[in-house]
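S.K.: Below is the file final_27.txt, which contains compact mmCIF, C-alpha atoms.
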```txt
# COMPACT_ATOMS: atom_id res chain seq x y z
CA MET A 1 72.09 146.34 94.21
CA GLY A 2 72.97 143.44 96.53
CA THR A 3 71.28 140.98 94.24
CA ARG A 4 73.16 142.33 91.23
CA ILE A 5 76.54 142.06 92.98
CA ALA A 6 75.78 138.50 94.05
CA TRP A 7 74.97 137.52 90.47
CA VAL A 8 78.21 139.08 89.23
CA LEU A 9 80.22 137.10 91.79
CA TYR A 10 78.29 133.91 91.02
CA SER A 11 78.92 134.25 87.28
CA ARG A 12 82.68 134.28 87.87
CA PHE A 13 82.60 130.68 89.10
CA PRO A 14 83.72 127.99 86.64
CA ARG A 15 80.58 126.27 85.36
CA ALA A 16 81.40 123.00 87.21
CA TRP A 17 81.56 124.94 90.50
CA ARG A 18 78.22 126.73 90.17
CA THR A 19 76.25 123.64 91.14
CA ARG A 20 78.20 123.43 94.40
CA VAL A 21 77.30 126.91 95.65
CA ASN A 22 74.46 127.06 98.13
CA VAL A 23 72.01 129.23 96.21
CA ARG A 24 68.41 129.72 97.26
CA TRP A 25 65.66 132.19 96.69
CA THR A 26 63.71 133.68 99.51
CA LEU A 27 60.82 136.09 99.47
CA ARG A 28 61.49 139.26 101.33
CA SER A 29 59.01 142.15 101.00
CA SER A 30 57.45 140.21 98.07
CA ARG A 31 60.74 140.69 96.13
CA PRO A 32 63.05 137.74 95.22
CA VAL A 33 66.46 138.14 96.85
CA LEU A 34 69.35 135.85 95.98
CA VAL A 35 70.98 134.66 99.19
CA VAL A 36 74.54 133.46 98.57
CA ALA A 37 77.19 132.58 101.12
CA ALA A 38 79.51 135.49 100.30
CA ALA A 39 82.56 134.05 102.00
CA VAL A 40 82.24 130.84 99.99
CA ILE A 41 81.91 132.79 96.75
CA VAL A 42 84.93 135.00 97.38
CA ALA A 43 87.08 132.03 98.43
CA GLY A 44 85.93 129.99 95.46
CA VAL A 45 86.63 132.75 92.98
CA ALA A 46 90.07 133.27 94.46
CA LEU A 47 90.86 129.54 94.27
CA ALA A 48 89.59 129.32 90.71
CA GLN A 49 91.77 132.28 89.71
CA THR A 50 94.77 130.68 91.42
CA GLN A 51 94.22 127.42 89.55
CA GLU A 52 93.98 129.29 86.26
CA GLN A 53 97.18 131.20 87.02
CA GLU A 54 99.13 128.13 88.07
CA GLY A 55 97.78 125.87 85.32
CA ALA A 56 96.90 123.24 87.94
CA SER A 57 95.52 120.67 85.51
CA ILE A 58 94.39 119.92 81.99
CA ARG A 59 90.94 118.46 82.18
CA LEU A 60 89.52 115.66 80.09
CA ASN A 61 87.42 116.63 77.12
CA PRO A 62 83.88 115.40 77.88
CA ASP A 63 82.89 115.94 74.24
CA ASP A 64 85.60 113.64 72.86
CA PRO A 65 83.81 110.75 71.11
CA THR A 66 86.69 108.43 72.08
CA LEU A 67 86.44 109.30 75.81
CA ASP A 68 85.22 105.87 76.90
CA ASP A 69 86.26 103.72 73.94
CA TRP A 70 88.69 101.79 76.14
CA LYS A 71 85.92 100.22 78.22
CA GLN A 72 83.29 99.57 75.57
CA ILE A 73 82.45 95.87 75.28
CA ARG A 74 81.92 94.84 71.69
CA GLU A 75 78.46 93.93 70.47
CA MET A 76 78.09 90.15 70.70
CA ALA A 77 74.54 89.85 69.40
CA ASP A 78 75.75 88.80 65.96
CA ASP A 79 78.10 86.10 67.30
CA PRO A 80 77.15 82.48 66.62
CA LYS A 81 74.65 81.34 69.24
CA ARG A 82 76.08 79.17 72.01
CA GLU A 83 75.15 77.86 75.42
CA PRO A 84 76.82 79.61 78.38
CA GLY A 85 80.00 77.96 79.62
CA PRO A 86 83.78 77.93 79.07
CA ILE A 87 84.94 77.93 75.45
CA ASN A 88 87.82 75.61 74.58
CA ILE A 89 89.67 77.29 71.72
CA GLN A 90 92.44 74.68 71.46
CA ARG A 91 92.42 72.26 68.55
CA PHE A 92 94.08 69.43 70.47
CA ALA A 93 93.38 67.79 73.80
CA GLY A 94 96.82 68.66 75.15
CA GLY A 95 100.41 69.42 74.28
CA PHE A 96 103.69 70.86 75.44
CA GLY A 97 104.04 74.46 76.56
CA TRP A 98 105.27 75.76 73.23
CA THR A 99 102.15 74.56 71.41
CA GLY A 100 98.57 75.77 71.34
CA ILE A 101 96.81 79.15 71.33
CA PRO A 102 98.31 81.17 74.22
CA THR A 103 95.67 81.67 76.86
CA PHE A 104 96.73 81.46 80.52
CA PHE A 105 98.04 77.86 80.77
CA MET A 106 96.17 77.07 77.50
CA LEU A 107 92.91 77.16 79.47
CA PRO A 108 89.43 77.56 77.99
CA VAL A 109 88.08 81.10 77.70
CA ALA A 110 85.09 82.61 79.52
CA LEU A 111 83.60 85.99 78.65
CA THR A 112 80.63 86.48 80.98
CA PRO A 113 79.51 85.68 84.52
CA GLU A 114 76.99 83.30 82.94
CA ASP A 115 79.91 81.33 81.51
CA LEU A 116 81.41 81.05 85.00
CA VAL A 117 78.17 79.86 86.58
CA ALA A 118 77.30 77.38 83.83
CA GLY A 119 80.81 75.93 83.87
CA GLU A 120 80.99 75.79 87.69
CA VAL A 121 84.33 77.55 87.36
CA ASP A 122 86.61 77.53 90.39
CA VAL A 123 89.19 80.10 89.22
CA ALA A 124 89.05 82.85 86.59
CA LEU A 125 92.39 84.32 85.54
CA LEU A 126 92.01 87.97 84.55
CA GLY A 127 94.68 90.03 82.82
CA ALA A 128 95.03 93.63 83.99
CA PRO A 129 97.69 95.33 81.83
CA LEU A 130 97.92 98.54 83.87
CA ASP A 131 101.27 100.30 84.31
CA MET A 132 100.44 104.01 84.68
CA GLY A 133 100.68 103.74 88.47
CA SER A 134 104.40 103.08 88.38
CA GLY A 135 107.39 105.24 87.54
CA VAL A 136 108.54 102.53 85.14
CA ARG A 137 106.34 101.41 82.25
CA GLY A 138 106.29 97.80 81.09
CA ALA A 139 104.27 95.90 83.69
CA GLY A 140 101.33 96.27 81.31
CA GLN A 141 103.05 93.63 79.18
CA GLY A 142 102.85 91.15 82.06
CA PRO A 143 99.55 89.35 81.28
CA LYS A 144 100.38 88.78 77.61
CA THR A 145 103.84 87.51 78.48
CA LEU A 146 102.57 85.19 81.21
CA ARG A 147 100.11 83.69 78.75
CA ALA A 148 103.11 82.62 76.67
CA SER A 149 105.40 81.77 79.59
CA ASP A 150 105.13 77.96 79.53
CA LYS A 151 108.16 76.63 77.70
CA TYR A 152 107.91 72.90 78.25
CA LEU A 153 105.30 71.88 80.83
CA GLY A 154 102.33 70.07 79.35
CA TRP A 155 98.76 71.33 79.31
CA GLY A 156 95.40 69.60 79.01
CA GLY A 157 95.81 65.84 78.84
CA TRP A 158 99.59 66.21 78.82
CA ALA A 159 99.83 67.90 82.21
CA ASP A 160 101.65 66.31 85.16
CA PRO A 161 101.14 66.69 88.92
CA HIS A 162 103.11 68.98 91.20
CA LEU A 163 105.89 66.75 92.46
CA HIS A 164 105.83 67.94 96.09
CA VAL A 165 102.16 67.05 96.62
CA MET A 166 101.36 64.85 93.60
CA VAL A 167 98.35 66.98 92.67
CA ASP A 168 97.59 68.08 89.10
CA TRP A 169 95.51 71.21 89.45
CA MET A 170 94.38 70.98 85.81
CA ASP A 171 92.63 67.71 86.66
CA GLU A 172 91.10 68.84 89.94
CA ILE A 173 89.71 72.33 89.38
CA THR A 174 87.95 74.17 86.57
CA ALA A 175 89.89 77.27 85.59
CA VAL A 176 89.45 79.71 82.71
CA ASP A 177 91.09 82.68 81.06
CA TYR A 178 88.63 85.55 81.58
CA GLY A 179 90.40 87.86 79.15
CA ASP A 180 91.63 91.32 80.14
CA ALA A 181 90.09 94.05 82.25
CA PRO A 182 89.46 97.43 80.59
CA ILE A 183 92.44 99.78 80.92
CA ASP A 184 92.68 103.51 80.20
CA PHE A 185 96.37 103.45 79.36
CA LEU A 186 96.71 107.14 80.32
CA SER A 187 94.91 107.13 83.68
CA VAL A 188 95.03 104.96 86.80
CA GLU A 189 92.22 106.96 88.36
CA ARG A 190 89.80 106.19 85.51
CA THR A 191 90.86 102.56 85.31
CA VAL A 192 90.40 101.36 88.88
CA GLU A 193 86.59 101.41 88.97
CA PRO A 194 86.02 99.27 85.85
CA ILE A 195 88.58 96.76 87.17
CA ARG A 196 86.81 96.71 90.52
CA GLU A 197 83.51 96.02 88.76
CA MET A 198 84.99 93.13 86.78
CA VAL A 199 86.62 91.57 89.85
CA ARG A 200 83.31 91.91 91.71
CA GLU A 201 81.36 90.22 88.91
CA ILE A 202 83.73 87.25 89.06
CA ALA A 203 83.66 87.01 92.85
CA GLU A 204 79.86 87.26 93.02
CA THR A 205 79.59 83.99 91.09
CA GLY A 206 81.66 82.19 93.75
CA THR A 207 84.64 81.94 91.39
CA VAL A 208 88.07 82.98 92.69
CA PRO A 209 89.40 85.95 90.68
CA MET A 210 93.13 85.59 89.97
CA ILE A 211 94.40 88.87 88.55
CA ILE A 212 97.65 89.04 86.59
CA GLY A 213 99.13 92.54 86.39
CA GLY A 214 100.11 95.12 85.79
CA ASP A 215 101.49 97.29 88.57
CA HIS A 216 100.49 97.20 92.23
CA SER A 217 97.90 99.97 91.90
CA LEU A 218 95.72 96.98 91.06
CA GLU A 219 95.61 95.79 94.65
CA TYR A 220 93.13 98.59 95.42
CA PRO A 221 90.40 97.67 92.88
CA ASN A 222 91.11 93.95 93.25
CA VAL A 223 90.64 93.81 97.02
CA ALA A 224 87.80 96.36 96.97
CA GLY A 225 86.00 94.28 94.34
CA VAL A 226 86.30 91.13 96.43
CA ALA A 227 85.18 93.04 99.54
CA ASP A 228 82.16 94.28 97.58
CA ALA A 229 81.18 90.64 97.03
CA TYR A 230 81.97 89.24 100.49
CA GLY A 231 81.45 92.31 102.66
CA LYS A 232 83.58 95.15 103.96
CA GLU A 233 85.98 94.16 106.75
CA LYS A 234 85.26 90.46 106.08
CA VAL A 235 88.37 89.79 103.98
CA GLY A 236 91.94 89.56 105.25
CA VAL A 237 94.94 90.32 103.05
CA ILE A 238 98.44 88.87 102.88
CA HIS A 239 100.60 91.43 101.08
CA PHE A 240 103.95 90.15 99.76
CA ASP A 241 106.22 93.03 98.84
CA ALA A 242 109.61 94.62 99.38
CA HIS A 243 107.71 97.88 100.05
CA PHE A 244 104.72 98.67 102.26
CA ASP A 245 102.67 100.43 99.55
CA ALA A 246 100.78 102.65 101.98
CA GLY A 247 102.29 105.97 100.97
CA PRO A 248 100.28 109.09 101.81
CA ASN A 249 101.19 111.52 99.02
CA VAL A 250 102.39 111.12 95.44
CA ASN A 251 102.26 114.48 93.65
CA GLY A 252 98.60 114.94 94.52
CA HIS A 253 97.53 111.47 93.37
CA LEU A 254 95.57 109.27 95.76
CA ILE A 255 96.24 106.01 93.93
CA SER A 256 99.47 104.63 92.48
CA HIS A 257 101.46 101.44 92.93
CA SER A 258 102.77 102.83 96.22
CA GLN A 259 99.38 103.64 97.83
CA PRO A 260 96.82 100.79 97.53
CA VAL A 261 97.14 99.58 101.13
CA ARG A 262 96.41 103.01 102.57
CA ARG A 263 93.40 103.46 100.30
CA LEU A 264 91.92 100.09 101.26
CA ILE A 265 92.34 100.64 104.99
CA GLU A 266 91.29 104.29 105.13
CA GLU A 267 88.19 103.57 103.02
CA GLY A 268 87.25 100.70 105.34
CA HIS A 269 87.46 97.79 102.92
CA VAL A 270 89.92 95.90 105.14
CA LEU A 271 90.67 96.28 108.84
CA GLY A 272 94.29 97.13 109.57
CA LYS A 273 94.61 94.21 111.98
CA ASN A 274 93.69 91.87 109.10
CA TYR A 275 96.46 93.16 106.83
CA ILE A 276 99.71 91.21 106.97
CA GLN A 277 102.86 92.46 105.23
CA VAL A 278 105.67 90.02 104.33
CA GLY A 279 109.15 90.69 102.96
CA LEU A 280 109.64 94.42 103.66
CA ARG A 281 113.23 95.60 103.23
CA GLY A 282 115.46 98.22 101.71
CA TYR A 283 114.60 101.90 102.24
CA TRP A 284 110.83 102.23 102.50
CA PRO A 285 108.80 102.63 104.67
CA ASN A 286 110.47 105.20 106.88
CA GLU A 287 109.73 105.71 110.58
CA GLU A 288 106.50 107.54 109.79
CA GLY A 289 105.37 104.60 107.67
CA PHE A 290 106.05 102.09 110.42
CA GLU A 291 104.20 104.28 112.91
CA TRP A 292 101.21 104.44 110.53
CA MET A 293 101.17 100.64 110.30
CA ARG A 294 101.32 100.31 114.09
CA GLU A 295 98.60 102.93 114.55
CA HIS A 296 96.31 100.92 112.25
CA GLU A 297 97.37 97.58 113.79
CA LEU A 298 98.88 96.08 110.65
CA ARG A 299 101.02 93.02 111.19
CA TYR A 300 104.31 92.94 109.32
CA HIS A 301 107.29 90.65 108.86
CA THR A 302 110.43 92.30 107.54
CA MET A 303 113.52 90.68 106.12
CA ALA A 304 115.27 91.85 109.31
CA GLU A 305 112.94 89.59 111.30
CA ILE A 306 113.52 86.73 108.87
CA GLU A 307 117.29 87.14 109.10
CA ARG A 308 117.10 87.15 112.90
CA ASP A 309 114.63 84.30 113.45
CA GLY A 310 114.92 82.18 110.31
CA TRP A 311 112.45 81.65 107.50
CA GLN A 312 110.72 78.59 108.91
CA ALA A 313 109.74 80.39 112.12
CA VAL A 314 108.47 83.47 110.28
CA MET A 315 106.58 81.38 107.71
CA GLU A 316 104.70 79.63 110.50
CA ARG A 317 103.82 83.01 112.03
CA VAL A 318 102.42 84.20 108.71
CA LEU A 319 100.34 81.03 108.35
CA GLU A 320 99.02 81.34 111.91
CA GLU A 321 98.10 84.99 111.37
CA ALA A 322 96.38 84.18 108.07
CA ALA A 323 94.14 81.76 109.96
CA ASP A 324 93.64 84.23 112.81
CA GLY A 325 91.34 86.63 111.01
CA PRO A 326 88.24 86.82 108.84
CA GLU A 327 86.75 83.81 107.09
CA TYR A 328 88.03 84.97 103.69
CA LEU A 329 91.60 85.54 102.54
CA TYR A 330 93.10 87.51 99.65
CA VAL A 331 96.76 87.17 98.63
CA SER A 332 98.49 90.05 96.84
CA LEU A 333 101.91 89.09 95.48
CA ASP A 334 104.35 91.70 94.23
CA ILE A 335 107.15 89.73 92.63
CA ASP A 336 109.75 92.14 94.00
CA VAL A 337 109.31 90.34 97.33
CA LEU A 338 111.72 87.85 95.75
CA ASP A 339 115.38 88.70 95.49
CA PRO A 340 116.25 90.23 92.08
CA ALA A 341 118.35 87.14 91.40
CA PHE A 342 114.99 85.40 90.87
CA THR A 343 112.88 88.28 89.50
CA PRO A 344 115.07 90.93 87.87
CA GLY A 345 112.18 91.89 85.56
CA THR A 346 110.38 94.29 87.87
CA GLY A 347 110.24 98.06 88.20
CA THR A 348 111.52 98.44 91.76
CA PRO A 349 113.97 95.57 92.45
CA GLU A 350 115.41 95.42 95.96
CA PRO A 351 118.34 93.11 96.90
CA GLY A 352 118.18 90.83 99.90
CA GLY A 353 114.76 89.31 99.28
CA LEU A 354 113.18 85.89 99.56
CA THR A 355 114.22 82.90 97.50
CA THR A 356 111.84 80.84 95.38
CA ARG A 357 112.46 77.85 97.63
CA GLU A 358 111.13 79.91 100.55
CA LEU A 359 108.20 81.55 98.80
CA PHE A 360 106.78 78.69 96.71
CA PRO A 361 105.66 76.48 99.62
CA LEU A 362 104.20 79.42 101.53
CA ILE A 363 102.04 80.48 98.57
CA ARG A 364 100.90 76.88 98.09
CA ARG A 365 100.03 76.49 101.77
CA LEU A 366 98.19 79.82 102.00
CA CYS A 367 96.01 78.84 99.04
CA ALA A 368 95.42 75.31 100.40
CA GLU A 369 94.94 75.95 104.10
CA ASN A 370 92.68 79.03 103.90
CA ASN A 371 89.40 80.03 102.29
CA LEU A 372 91.00 81.94 99.45
CA VAL A 373 88.69 84.36 97.61
CA GLY A 374 91.20 86.28 95.50
CA PHE A 375 94.81 86.43 94.36
CA ASP A 376 96.95 88.76 92.30
CA LEU A 377 100.46 88.67 90.89
CA VAL A 378 101.78 92.10 90.01
CA GLU A 379 104.85 94.12 88.96
CA PHE A 380 106.10 91.54 86.44
CA ASN A 381 107.78 93.74 83.84
CA PRO A 382 108.91 91.66 80.85
CA LEU A 383 110.66 94.68 79.28
CA MET A 384 113.14 94.67 82.17
CA ASP A 385 113.65 90.91 82.28
CA PRO A 386 117.11 90.18 80.86
CA GLY A 387 116.17 86.57 80.21
CA TYR A 388 113.41 84.14 81.02
CA THR A 389 114.03 84.08 84.78
CA THR A 390 111.23 86.41 85.91
CA GLY A 391 108.65 84.94 83.56
CA LEU A 392 109.49 81.41 84.69
CA ASN A 393 109.18 82.25 88.39
CA ALA A 394 106.00 84.30 87.89
CA ASN A 395 104.51 81.30 86.09
CA ARG A 396 105.44 78.96 88.90
CA LEU A 397 104.09 81.28 91.61
CA VAL A 398 100.67 81.26 89.96
CA ARG A 399 100.87 77.48 89.61
CA GLU A 400 101.67 77.14 93.33
CA CYS A 401 98.46 78.92 94.24
CA LEU A 402 96.41 76.95 91.71
CA THR A 403 97.85 73.75 93.18
CA GLY A 404 96.88 74.93 96.66
CA ILE A 405 93.31 75.67 95.54
CA ALA A 406 93.11 72.19 94.02
CA MET A 407 94.40 70.61 97.23
CA ARG A 408 91.73 72.37 99.26
CA LYS A 409 89.00 71.22 96.86
CA MET A 410 90.31 67.66 97.22
CA GLY A 411 90.21 67.95 101.02
CA ILE A 412 94.01 68.01 101.45
CA VAL A 413 94.26 70.68 104.12
CA GLU A 414 96.85 69.06 106.38
CA LYS A 415 99.35 71.71 107.43
CA GLY A 416 102.45 71.53 105.30
CA TYR A 417 101.25 68.46 103.42
CA LEU A 418 103.83 66.70 101.22
CA SER A 419 103.31 63.49 99.29
CA PRO A 420 104.95 60.48 101.01
CA LEU A 421 106.15 59.42 97.57
CA THR A 422 108.37 62.44 97.20
CA VAL A 423 109.81 63.04 100.65
CA GLU A 424 111.26 59.54 101.06
CA ASP A 425 112.38 56.79 98.70
CA GLY A 426 110.68 54.03 100.74
CA ARG A 427 113.80 52.41 102.19
CA LEU A 428 113.92 51.53 105.88
CA ARG A 429 116.36 53.84 107.63
```
Can you dump the structure from the file as structure tokens?
M.R.:
Amino acid sequence: MGTRIAWVLYSRFPRAWRTRVNVRWTLRSSRPVLVVAAAVIVAGVALAQTQEQEGASIRLNPDDPTLDDWKQIREMADDPKREPGPINIQRFAGGFGWTGIPTFFMLPVALTPEDLVAGEVDVALLGAPLDMGSGVRGAGQGPKTLRASDKYLGWGGWADPHLHVMVDWMDEITAVDYGDAPIDFLSVERTVEPIREMVREIAETGTVPMIIGGDHSLEYPNVAGVADAYGKEKVGVIHFDAHFDAGPNVNGHLISHSQPVRRLIEEGHVLGKNYIQVGLRGYWPNEEGFEWMREHELRYHTMAEIERDGWQAVMERVLEEAADGPEYLYVSLDIDVLDPAFTPGTGTPEPGGLTTRELFPLIRRLCAENNLVGFDLVEFNPLMDPGYTTGLNANRLVRECLTGIAMRKMGIVEKGYLSPLTVEDGRLR
């Protein structure tokens, strides 16, 4: 009778739960007796009934033939045979920004890690058009818009150097457009792992992944992917944002654009003491959030600190802290760290932020004066940009980092380097 009752209880479990129940057969008086943890069964049945009553979730259909279509790489076997390496798809050697086929900065394309290795690629720009992690859709349009964001600057043989440092990154480093990461446009949870894999495959070649989003949920797979390549707890992160993005709960979800920092720290990818927040302001985090950051030893620099001490002093602190950590550095840049006067095209604008004149040199210096192994620019929402302002400044922020990477490759690592040609006109004073 006991065995029969146990089987009845066991059969009431949802099929997915049955494999989790501790079921084993023992021989007792030469008769098989099913031994089941009764308390577990009763609790499980009750929970399953509660979920059915409350309609807790609608599950994915595992039999849907389109379930994984979004991450299927096309068959390339029938493509024309070619040697591995970057593919230049432009017809001309250079031109102005409004000409050419719109890749990131009109760069050659790479499709595989073999292309990166063969081309000795320094930087691979990867689009990640994810915007399900935000309350406002539109950031998914960011990569495509940034690819077409150059309005007049030259590319290829027509490019000019950055005036402050007289370095033309297009001449000094090899960079490519690595296409887009796979995105399930209805699920952040399903999307993060394929992005992490793609970031890892770039980083494992020694190339710097530069991810263009997309919302800030991306920071989780981006940093985790780099940490997979370089080792857990061996990468430090500078997080530019108006918000601290370490929220504990969002309607039962564990990942959204307001939670990546907490995920990365609690899963052990990055030590709290190696996480540096810059630009926090407005109305989040609350006291509990600040206490969580202090408990985990995060370092942070709010706009209140900047207003009290001045930008130059705080910038130097950030640079010192970036150097006072692991060998490798990752920079995550939410464009809402800038005041909405400079980046109105973002989902969560917050007044009172940084200016471009403050942020540009810091990004350039971080990428020049540290061993940068990853960078992302996120929360650029072209659908909310009333003009060209946000796209222009997003473009220039990426260029600042690329210039910094080029400077480091050239051996220009002097703190705060500026070209003598551009800071003075040569007259005796």
S.K.: Give me, please, the distance in Å between atom CA of Asn222 of chain A and atom CA of Val199 of chain A, quoted to one decimal.
M.R.: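 These atoms are spaced 6.1 Å apart.
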S.K.: Smallest atom-to-atom distance to Pro382 of chain A: which of A:Gly404, A:Leu254, A:Ile195, A:Pro129, using only C-alpha atoms?
M.R.: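 Ranked by minimum distance to Pro382 of chain A, first place goes to A:Pro129.
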S.K.: Between A:Glu233, A:Pro102, A:Ile238, A:Asp150, which has the minimum distance to Asn393 of chain A (counting all atoms listed in the file)?
M.R.: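 Of the candidates, the smallest distance to Asn393 of chain A is held by A:Asp150.
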S.K.: From the options A:Ala224, A:Ile255, A:Leu280, A:Cys401, which residue's atoms come nearest to Gly268 of chain A, counting all atoms listed in the file?
M.R.: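 Counting all atoms listed in the file, the residue closest to Gly268 of chain A is A:Ala224.
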S.K.: Identify, on the basis of only C-alpha atoms, every residue whose closest approach to segment 143-147 of chain A does not exceed 10 Å; exclude the query and any residue fewer than 6 positions from it along the same chain; express the result as a count of residues only.
M.R.: 32
S.K.: Which is closest to Asp385 of chain A among A:Gly236, A:Gly138, A:Gly279, A:Gly154, if we use only C-alpha atoms?
M.R.: A:Gly138
S.K.: Can you give me N, CA and C atoms for segment 374-393 of chain A, written as a PDB file, in the frame of the given file?
M.R.:
```pdb
ATOM      1  N   GLY A 374      90.592  85.435  96.520  1.00  0.00           N
ATOM      2  CA  GLY A 374      91.200  86.280  95.500  1.00  0.00           C
ATOM      3  C   GLY A 374      92.708  86.231  95.581  1.00  0.00           C
ATOM      4  N   PHE A 375      93.352  86.492  94.445  1.00  0.00           N
ATOM      5  CA  PHE A 375      94.810  86.430  94.360  1.00  0.00           C
ATOM      6  C   PHE A 375      95.257  87.343  93.226  1.00  0.00           C
ATOM      7  N   ASP A 376      96.359  88.055  93.431  1.00  0.00           N
ATOM      8  CA  ASP A 376      96.950  88.760  92.300  1.00  0.00           C
ATOM      9  C   ASP A 376      98.462  88.609  92.299  1.00  0.00           C
ATOM     10  N   LEU A 377      99.014  88.621  91.094  1.00  0.00           N
ATOM     11  CA  LEU A 377     100.460  88.670  90.890  1.00  0.00           C
ATOM     12  C   LEU A 377     100.739  89.914  90.074  1.00  0.00           C
ATOM     13  N   VAL A 378     101.582  90.794  90.630  1.00  0.00           N
ATOM     14  CA  VAL A 378     101.780  92.100  90.010  1.00  0.00           C
ATOM     15  C   VAL A 378     103.266  92.441  89.900  1.00  0.00           C
ATOM     16  N   GLU A 379     103.518  93.527  89.153  1.00  0.00           N
ATOM     17  CA  GLU A 379     104.850  94.120  88.960  1.00  0.00           C
ATOM     18  C   GLU A 379     105.804  93.255  88.141  1.00  0.00           C
ATOM     19  N   PHE A 380     105.273  92.287  87.386  1.00  0.00           N
ATOM     20  CA  PHE A 380     106.100  91.540  86.440  1.00  0.00           C
ATOM     21  C   PHE A 380     106.259  92.418  85.198  1.00  0.00           C
ATOM     22  N   ASN A 381     107.489  92.853  84.950  1.00  0.00           N
ATOM     23  CA  ASN A 381     107.780  93.740  83.840  1.00  0.00           C
ATOM     24  C   ASN A 381     108.679  93.026  82.837  1.00  0.00           C
ATOM     25  N   PRO A 382     108.107  92.418  81.803  1.00  0.00           N
ATOM     26  CA  PRO A 382     108.910  91.660  80.850  1.00  0.00           C
ATOM     27  C   PRO A 382     109.961  92.493  80.130  1.00  0.00           C
ATOM     28  N   LEU A 383     109.716  93.823  79.999  1.00  0.00           N
ATOM     29  CA  LEU A 383     110.660  94.680  79.280  1.00  0.00           C
ATOM     30  C   LEU A 383     111.959  94.865  80.055  1.00  0.00           C
ATOM     31  N   MET A 384     111.948  94.541  81.347  1.00  0.00           N
ATOM     32  CA  MET A 384     113.140  94.670  82.170  1.00  0.00           C
ATOM     33  C   MET A 384     113.744  93.314  82.534  1.00  0.00           C
ATOM     34  N   ASP A 385     113.166  92.257  81.984  1.00  0.00           N
ATOM     35  CA  ASP A 385     113.650  90.910  82.280  1.00  0.00           C
ATOM     36  C   ASP A 385     114.768  90.556  81.305  1.00  0.00           C
ATOM     37  N   PRO A 386     116.000  90.424  81.786  1.00  0.00           N
ATOM     38  CA  PRO A 386     117.110  90.180  80.860  1.00  0.00           C
ATOM     39  C   PRO A 386     117.087  88.799  80.222  1.00  0.00           C
ATOM     40  N   GLY A 387     116.297  87.916  80.766  1.00  0.00           N
ATOM     41  CA  GLY A 387     116.170  86.570  80.210  1.00  0.00           C
ATOM     42  C   GLY A 387     114.788  86.048  80.487  1.00  0.00           C
ATOM     43  N   TYR A 388     114.701  84.775  80.768  1.00  0.00           N
ATOM     44  CA  TYR A 388     113.410  84.140  81.020  1.00  0.00           C
ATOM     45  C   TYR A 388     113.149  83.958  82.506  1.00  0.00           C
ATOM     46  N   THR A 389     114.083  84.389  83.348  1.00  0.00           N
ATOM     47  CA  THR A 389     114.030  84.080  84.780  1.00  0.00           C
ATOM     48  C   THR A 389     112.742  84.572  85.440  1.00  0.00           C
ATOM     49  N   THR A 390     112.401  85.844  85.243  1.00  0.00           N
ATOM     50  CA  THR A 390     111.230  86.410  85.910  1.00  0.00           C
ATOM     51  C   THR A 390     109.943  85.758  85.416  1.00  0.00           C
ATOM     52  N   GLY A 391     109.836  85.574  84.109  1.00  0.00           N
ATOM     53  CA  GLY A 391     108.650  84.940  83.560  1.00  0.00           C
ATOM     54  C   GLY A 391     108.461  83.521  84.078  1.00  0.00           C
ATOM     55  N   LEU A 392     109.549  82.785  84.178  1.00  0.00           N
ATOM     56  CA  LEU A 392     109.490  81.410  84.690  1.00  0.00           C
ATOM     57  C   LEU A 392     108.993  81.394  86.128  1.00  0.00           C
ATOM     58  N   ASN A 393     109.561  82.254  86.971  1.00  0.00           N
ATOM     59  CA  ASN A 393     109.180  82.250  88.390  1.00  0.00           C
ATOM     60  C   ASN A 393     107.783  82.820  88.606  1.00  0.00           C
TER      61      ASN A 393
END
```
